[in-house]
Amino acid sequence: MTQYQTGAFLYNGSAGPDQLNDKLAAALPILSQNVEKLSVVQTTSRNDLIEKVKHYGEEVEVLYILGGDGTVHDCVNAIADVEHQPAIGILPGGTCNDFTRMLGISQNVGPAANALVNGRVAPVDLGQVGDRYFLNFWGIGLVTETSINIDPDQKNRFGVLSYFISAFKTMNEANTFTYKLKVDGVEYEEEGVMILVLNGRFIGTRQIPAPSLYVNDGKLDVLVIKNSNLKTFRELLSLNQPRTDPESFQELFHTQGKEIEIETAEEMDVDTDGEIYLKTPGHIKVLPNHLRMIMKDS
């Protein structure tokens with residue numbers, strides 16, 4: 001069953017011990033059969049995680065990561081510039097685990113480990129903003145405000161439900177902003193409540209119903225939400241219907257591109273894969289087939 005000679009399994013050592021022990025017990029016996037020499041590496045902080053990803057990323061054939069979307073985001077940023085990149089397998093260890101959903105990986109650690117062992121390695125696009133990278137999405141407006149409004153106590157108690165509590169609260173208080181958007185040289189200017197630049201298909205566990213969203217098509221999808229009303233959600237749900245004409249939308253704007261520039265009238269916080277540390281303006285480009293990730297074999 002051995003597929004790789006060398007590998008590393010990284011996990012956050014500061015997670016709750018009981019839950020963590022259960023996940024390790026479910027994953028390690030399965031993954032260890034797939035790698036002749038598997039290093040099990042505990043990380044103690046964000047900086048420690050980044051340093052260990054850079055170190056092991058240069059040394060091993062496969063890198064397994066147990067963590068949520070924030071952990072995956074940090075790992076991707078640490079490994080994006082590594083010259084000889086390993087195959088990357090993600091095990092769900094957070095609240096939403098959006099990118100594992102995109103890859104078809106189970107949200108239960110045991111079946112997820114089996115999916116990684118029996119899966120296929122495929123090229124995956126990566127989004128780049130300056131010297132930073134994102135795997136799932138870049139967003140401003142509602143998506144950022146939702147992340148900011150999440151109550152940490154609610155997140156600990158209710159998990160993914162806390163995201164929807166925050167989203168409902170934020171939608172009722174959504175503010176419009178003026179933006180200038182350039183996609184592959186074509187310019188747009190209007191108002192909206194949210195702009196998403198998407199590489200993945202899930203945000204807060206919910207699937208964006210856009211049939212053009214593929215993680216390895218060499219393009220990023222741009223979705224502008226103009227208002228947070230019922231009509232917007234009806235149009236959003238109709239995105240995946242074959243006879244839908246995007247030109248008929250009044251509350252949505254959807255397009256694809258390889259290079260996207262976004263300016264806002266006032267500086268705004270940017271959410272990248274659930275992490276908020278960038279500001280507008282943003283100059284975004286796609287890096288086609290930049291990573292090698294393990295997907296569920298169809």
# chains A, B, ... in the order shown; residues from 1 in each chain; ligands from 1
$ closest_atom_pairs --of "region 79-135 of chain A" --to "region 285-291 of chain A" --cutoff "10 Å" --atoms "only C-alpha atoms" --output "CSV"
residue,atom,partner,partner_atom,distance
A:Ile79,CA,A:Leu291,CA,8.9
A:Ala80,CA,A:Leu291,CA,7.5
A:Asp81,CA,A:His290,CA,9.6
A:Gln85,CA,A:Leu291,CA,7.4
A:Pro86,CA,A:Leu291,CA,8.5
A:Ala87,CA,A:Leu291,CA,7.8
A:Ile88,CA,A:Leu291,CA,8.0
A:Val121,CA,A:Leu291,CA,9.8
A:Ala122,CA,A:Leu291,CA,8.3
A:Pro123,CA,A:Asn289,CA,4.6
A:Val124,CA,A:Asn289,CA,4.7
A:Asp125,CA,A:Pro288,CA,4.5
A:Leu126,CA,A:Leu287,CA,5.1
A:Gly127,CA,A:Val286,CA,4.7
A:Gln128,CA,A:Lys285,CA,5.4
A:Val129,CA,A:Lys285,CA,6.8
A:Gly130,CA,A:Lys285,CA,9.1
A:Tyr133,CA,A:Leu287,CA,9.5
A:Phe134,CA,A:Val286,CA,9.7
A:Leu135,CA,A:Leu291,CA,9.6
$ write_last_selection --atoms "all heavy atoms" --output "tab-separated table (two decimals), in the first residue's frame"
chain	number	residue	atom	x	y	z
A	79	ILE	N	4.14	27.47	1.65
A	79	ILE	CA	4.69	26.50	0.69
A	79	ILE	C	4.63	26.99	-0.75
A	79	ILE	O	5.23	26.38	-1.65
A	79	ILE	CB	3.95	25.16	0.83
A	79	ILE	CG1	4.86	24.01	0.43
A	79	ILE	CG2	2.64	25.15	0.03
A	79	ILE	CD1	4.35	22.66	0.82
A	80	ALA	N	3.93	28.10	-1.00
A	80	ALA	CA	3.71	28.55	-2.38
A	80	ALA	C	5.01	28.80	-3.14
A	80	ALA	O	5.06	28.61	-4.36
A	80	ALA	CB	2.84	29.82	-2.38
A	81	ASP	N	6.05	29.24	-2.44
A	81	ASP	CA	7.31	29.57	-3.11
A	81	ASP	C	8.35	28.45	-3.02
A	81	ASP	O	9.48	28.62	-3.47
A	81	ASP	CB	7.90	30.85	-2.52
A	81	ASP	CG	7.02	32.07	-2.80
A	81	ASP	OD1	6.42	32.11	-3.89
A	81	ASP	OD2	6.94	32.96	-1.94
A	85	GLN	N	7.72	21.15	-4.69
A	85	GLN	CA	6.57	21.06	-3.80
A	85	GLN	C	6.07	19.63	-3.65
A	85	GLN	O	6.00	18.88	-4.61
A	85	GLN	CB	5.44	21.94	-4.33
A	85	GLN	CG	5.76	23.43	-4.26
A	85	GLN	CD	4.56	24.28	-4.66
A	85	GLN	OE1	3.53	23.75	-5.08
A	85	GLN	NE2	4.69	25.57	-4.52
A	86	PRO	N	5.68	19.27	-2.43
A	86	PRO	CA	5.10	17.94	-2.20
A	86	PRO	C	3.64	17.92	-2.61
A	86	PRO	O	3.01	18.97	-2.83
A	86	PRO	CB	5.23	17.79	-0.68
A	86	PRO	CG	5.08	19.19	-0.17
A	86	PRO	CD	5.76	20.07	-1.19
A	87	ALA	N	3.08	16.73	-2.70
A	87	ALA	CA	1.63	16.61	-2.78
A	87	ALA	C	1.07	17.01	-1.42
A	87	ALA	O	1.67	16.74	-0.38
A	87	ALA	CB	1.24	15.18	-3.12
A	88	ILE	N	-0.09	17.68	-1.41
A	88	ILE	CA	-0.67	18.19	-0.17
A	88	ILE	C	-2.02	17.52	0.06
A	88	ILE	O	-2.89	17.52	-0.82
A	88	ILE	CB	-0.86	19.72	-0.23
A	88	ILE	CG1	0.48	20.42	-0.47
A	88	ILE	CG2	-1.50	20.23	1.05
A	88	ILE	CD1	0.33	21.91	-0.77
A	121	VAL	N	-3.72	12.78	-7.04
A	121	VAL	CA	-3.04	14.06	-6.97
A	121	VAL	C	-3.37	14.86	-8.21
A	121	VAL	O	-3.23	14.36	-9.34
A	121	VAL	CB	-1.51	13.88	-6.85
A	121	VAL	CG1	-0.80	15.23	-6.83
A	121	VAL	CG2	-1.16	13.08	-5.59
A	122	ALA	N	-3.86	16.09	-8.03
A	122	ALA	CA	-4.28	16.91	-9.16
A	122	ALA	C	-3.71	18.32	-9.01
A	122	ALA	O	-3.51	18.80	-7.89
A	122	ALA	CB	-5.80	16.97	-9.23
A	123	PRO	N	-3.47	18.99	-10.13
A	123	PRO	CA	-3.01	20.38	-10.06
A	123	PRO	C	-4.13	21.29	-9.58
A	123	PRO	O	-5.30	21.08	-9.92
A	123	PRO	CB	-2.60	20.70	-11.50
A	123	PRO	CG	-3.44	19.78	-12.33
A	123	PRO	CD	-3.61	18.53	-11.52
A	124	VAL	N	-3.78	22.30	-8.80
A	124	VAL	CA	-4.75	23.24	-8.25
A	124	VAL	C	-4.24	24.66	-8.47
A	124	VAL	O	-3.07	24.95	-8.22
A	124	VAL	CB	-4.98	22.97	-6.74
A	124	VAL	CG1	-5.79	24.08	-6.10
A	124	VAL	CG2	-5.67	21.62	-6.53
A	125	ASP	N	-5.14	25.53	-8.93
A	125	ASP	CA	-4.78	26.94	-9.10
A	125	ASP	C	-4.64	27.63	-7.75
A	125	ASP	O	-5.18	27.17	-6.74
A	125	ASP	CB	-5.86	27.67	-9.91
A	125	ASP	CG	-6.05	27.10	-11.30
A	125	ASP	OD1	-5.12	26.44	-11.80
A	125	ASP	OD2	-7.13	27.32	-11.88
A	126	LEU	N	-3.94	28.75	-7.75
A	126	LEU	CA	-3.75	29.54	-6.55
A	126	LEU	C	-3.95	31.00	-6.91
A	126	LEU	O	-3.57	31.44	-8.00
A	126	LEU	CB	-2.33	29.32	-6.00
A	126	LEU	CG	-2.02	29.77	-4.58
A	126	LEU	CD1	-2.92	29.05	-3.57
A	126	LEU	CD2	-0.56	29.51	-4.24
A	127	GLY	N	-4.59	31.77	-6.02
A	127	GLY	CA	-4.72	33.20	-6.22
A	127	GLY	C	-3.58	33.93	-5.54
A	127	GLY	O	-3.15	33.54	-4.45
A	128	GLN	N	-3.09	34.98	-6.15
A	128	GLN	CA	-1.99	35.76	-5.59
A	128	GLN	C	-2.39	37.23	-5.50
A	128	GLN	O	-2.95	37.80	-6.44
A	128	GLN	CB	-0.72	35.64	-6.44
A	128	GLN	CG	0.46	36.41	-5.86
A	128	GLN	CD	1.75	36.22	-6.67
A	128	GLN	OE1	1.72	35.70	-7.78
A	128	GLN	NE2	2.86	36.62	-6.10
A	129	VAL	N	-2.11	37.84	-4.33
A	129	VAL	CA	-2.31	39.27	-4.11
A	129	VAL	C	-1.01	39.81	-3.53
A	129	VAL	O	-0.70	39.58	-2.37
A	129	VAL	CB	-3.46	39.54	-3.12
A	129	VAL	CG1	-3.81	41.03	-3.11
A	129	VAL	CG2	-4.68	38.72	-3.44
A	130	GLY	N	-0.23	40.52	-4.36
A	130	GLY	CA	1.07	40.98	-3.88
A	130	GLY	C	1.95	39.79	-3.56
A	130	GLY	O	2.14	38.90	-4.39
A	133	TYR	N	-1.01	34.78	-0.82
A	133	TYR	CA	-1.72	33.82	-1.66
A	133	TYR	C	-3.03	33.41	-0.98
A	133	TYR	O	-3.15	33.44	0.25
A	133	TYR	CB	-0.87	32.58	-1.89
A	133	TYR	CG	0.49	32.88	-2.48
A	133	TYR	CD1	1.59	33.13	-1.65
A	133	TYR	CD2	0.67	32.93	-3.86
A	133	TYR	CE1	2.84	33.42	-2.20
A	133	TYR	CE2	1.92	33.21	-4.40
A	133	TYR	CZ	2.99	33.46	-3.57
A	133	TYR	OH	4.22	33.76	-4.11
A	134	PHE	N	-4.00	33.01	-1.80
A	134	PHE	CA	-5.23	32.44	-1.24
A	134	PHE	C	-5.63	31.23	-2.07
A	134	PHE	O	-5.42	31.17	-3.28
A	134	PHE	CB	-6.36	33.47	-1.17
A	134	PHE	CG	-6.83	34.00	-2.50
A	134	PHE	CD1	-7.89	33.40	-3.18
A	134	PHE	CD2	-6.25	35.11	-3.07
A	134	PHE	CE1	-8.35	33.90	-4.40
A	134	PHE	CE2	-6.69	35.63	-4.29
A	134	PHE	CZ	-7.74	35.02	-4.96
A	135	LEU	N	-6.21	30.27	-1.39
A	135	LEU	CA	-6.62	29.03	-2.02
A	135	LEU	C	-8.10	29.02	-2.35
A	135	LEU	O	-8.52	28.48	-3.37
A	135	LEU	CB	-6.29	27.86	-1.09
A	135	LEU	CG	-6.44	26.44	-1.61
A	135	LEU	CD1	-5.58	26.21	-2.84
A	135	LEU	CD2	-6.07	25.44	-0.50
$ closest_atom_pairs --of "region 181-229 of chain A" --to "region 263-271 of chain A" --cutoff "10 Å" --atoms "only C-alpha atoms" --output "tab-separated table"
residue	atom	partner	partner_atom	distance
A:Leu181	CA	A:Glu263	CA	6.6
A:Lys182	CA	A:Glu263	CA	9.0
A:Glu189	CA	A:Glu263	CA	9.5
A:Glu191	CA	A:Thr264	CA	9.5
A:Ile195	CA	A:Val270	CA	9.9
A:Leu196	CA	A:Asp271	CA	9.3
$ write_last_selection --atoms "N, CA, C and O atoms" --output "short mmCIF file (atom, residue, chain, number, x, y, z; two decimals), in the first residue's frame"
data_model
loop_
_atom_site.label_atom_id
_atom_site.label_comp_id
_atom_site.auth_asym_id
_atom_site.auth_seq_id
_atom_site.Cartn_x
_atom_site.Cartn_y
_atom_site.Cartn_z
N LEU A 181 -13.69 48.01 -10.80
CA LEU A 181 -13.26 46.64 -11.04
C LEU A 181 -12.72 46.52 -12.46
O LEU A 181 -13.34 47.00 -13.41
N LYS A 182 -11.55 45.90 -12.59
CA LYS A 182 -10.98 45.62 -13.91
C LYS A 182 -10.67 44.14 -13.99
O LYS A 182 -9.93 43.60 -13.17
N GLU A 189 -17.66 49.82 -13.00
CA GLU A 189 -17.74 50.72 -11.84
C GLU A 189 -19.18 50.79 -11.38
O GLU A 189 -20.09 51.09 -12.17
N GLU A 191 -21.88 50.11 -7.45
CA GLU A 191 -21.96 49.95 -6.00
C GLU A 191 -22.34 48.51 -5.68
O GLU A 191 -23.00 47.83 -6.48
N ILE A 195 -17.98 41.76 -2.76
CA ILE A 195 -17.27 41.26 -3.93
C ILE A 195 -16.47 40.04 -3.51
O ILE A 195 -15.73 40.09 -2.53
N LEU A 196 -16.63 38.95 -4.27
CA LEU A 196 -15.86 37.74 -4.03
C LEU A 196 -15.06 37.40 -5.27
O LEU A 196 -15.59 37.42 -6.39
#
$ select_by_dssp --residues "region 25-76 of chain A" --states "strand (DSSP E)" --output "ChimeraX atom specification"
/A:35-43,62-67
$ residues_around --residues "Lys226 (chain A)" --least-positions-apart "5" --cutoff "8 Å" --atoms "only C-alpha atoms" --output "ChimeraX atom specification"
/A:176,191-194,232,251-253
$ atom_distance --atom1 "CA of Ser39 (chain A)" --atom2 "CA of Tyr56 (chain A)"
9.1 Å
$ atom_distance --atom1 "CA of Ala78 (chain A)" --atom2 "CA of Tyr214 (chain A)"
23.2 Å
$ atom_distance --atom1 "CA of Gly119 (chain A)" --atom2 "CA of Gln3 (chain A)"
11.3 Å
$ closest_residue --among "A:Lys37, A:His84, A:Lys52, A:Lys23" --to "Leu10 (chain A)" --atoms "only C-alpha atoms"
A:Lys52
$ residues_around --residues "Leu213 (chain A)" --least-positions-apart "2" --cutoff "8 Å" --atoms "only C-alpha atoms" --output "list in words"
Leu198, Asn199, Gly200, Arg201, Ala210, Pro211, Val215, Leu220 and Asp221 of chain A
$ residues_around --residues "region 104-110 of chain A" --least-positions-apart "4" --cutoff "10 Å" --atoms "only C-alpha atoms" --output "NGL selection string"
:A and (22-31 or 66 or 89-94 or 96-100 or 114-116 or 119 or 294-298)
$ closest_residue --among "A:Gly282, A:Gly13, A:Pro111, A:Gly139" --to "Ile203 (chain A)" --atoms "only C-alpha atoms"
A:Gly139
$ select_by_dssp --residues "region 28-191 of chain A" --states "helix (DSSP H, G or I)" --output "number ranges by chain"
A: 28-32, 46-59, 69-79, 98-102, 109-118, 142-149, 152-158, 161-171
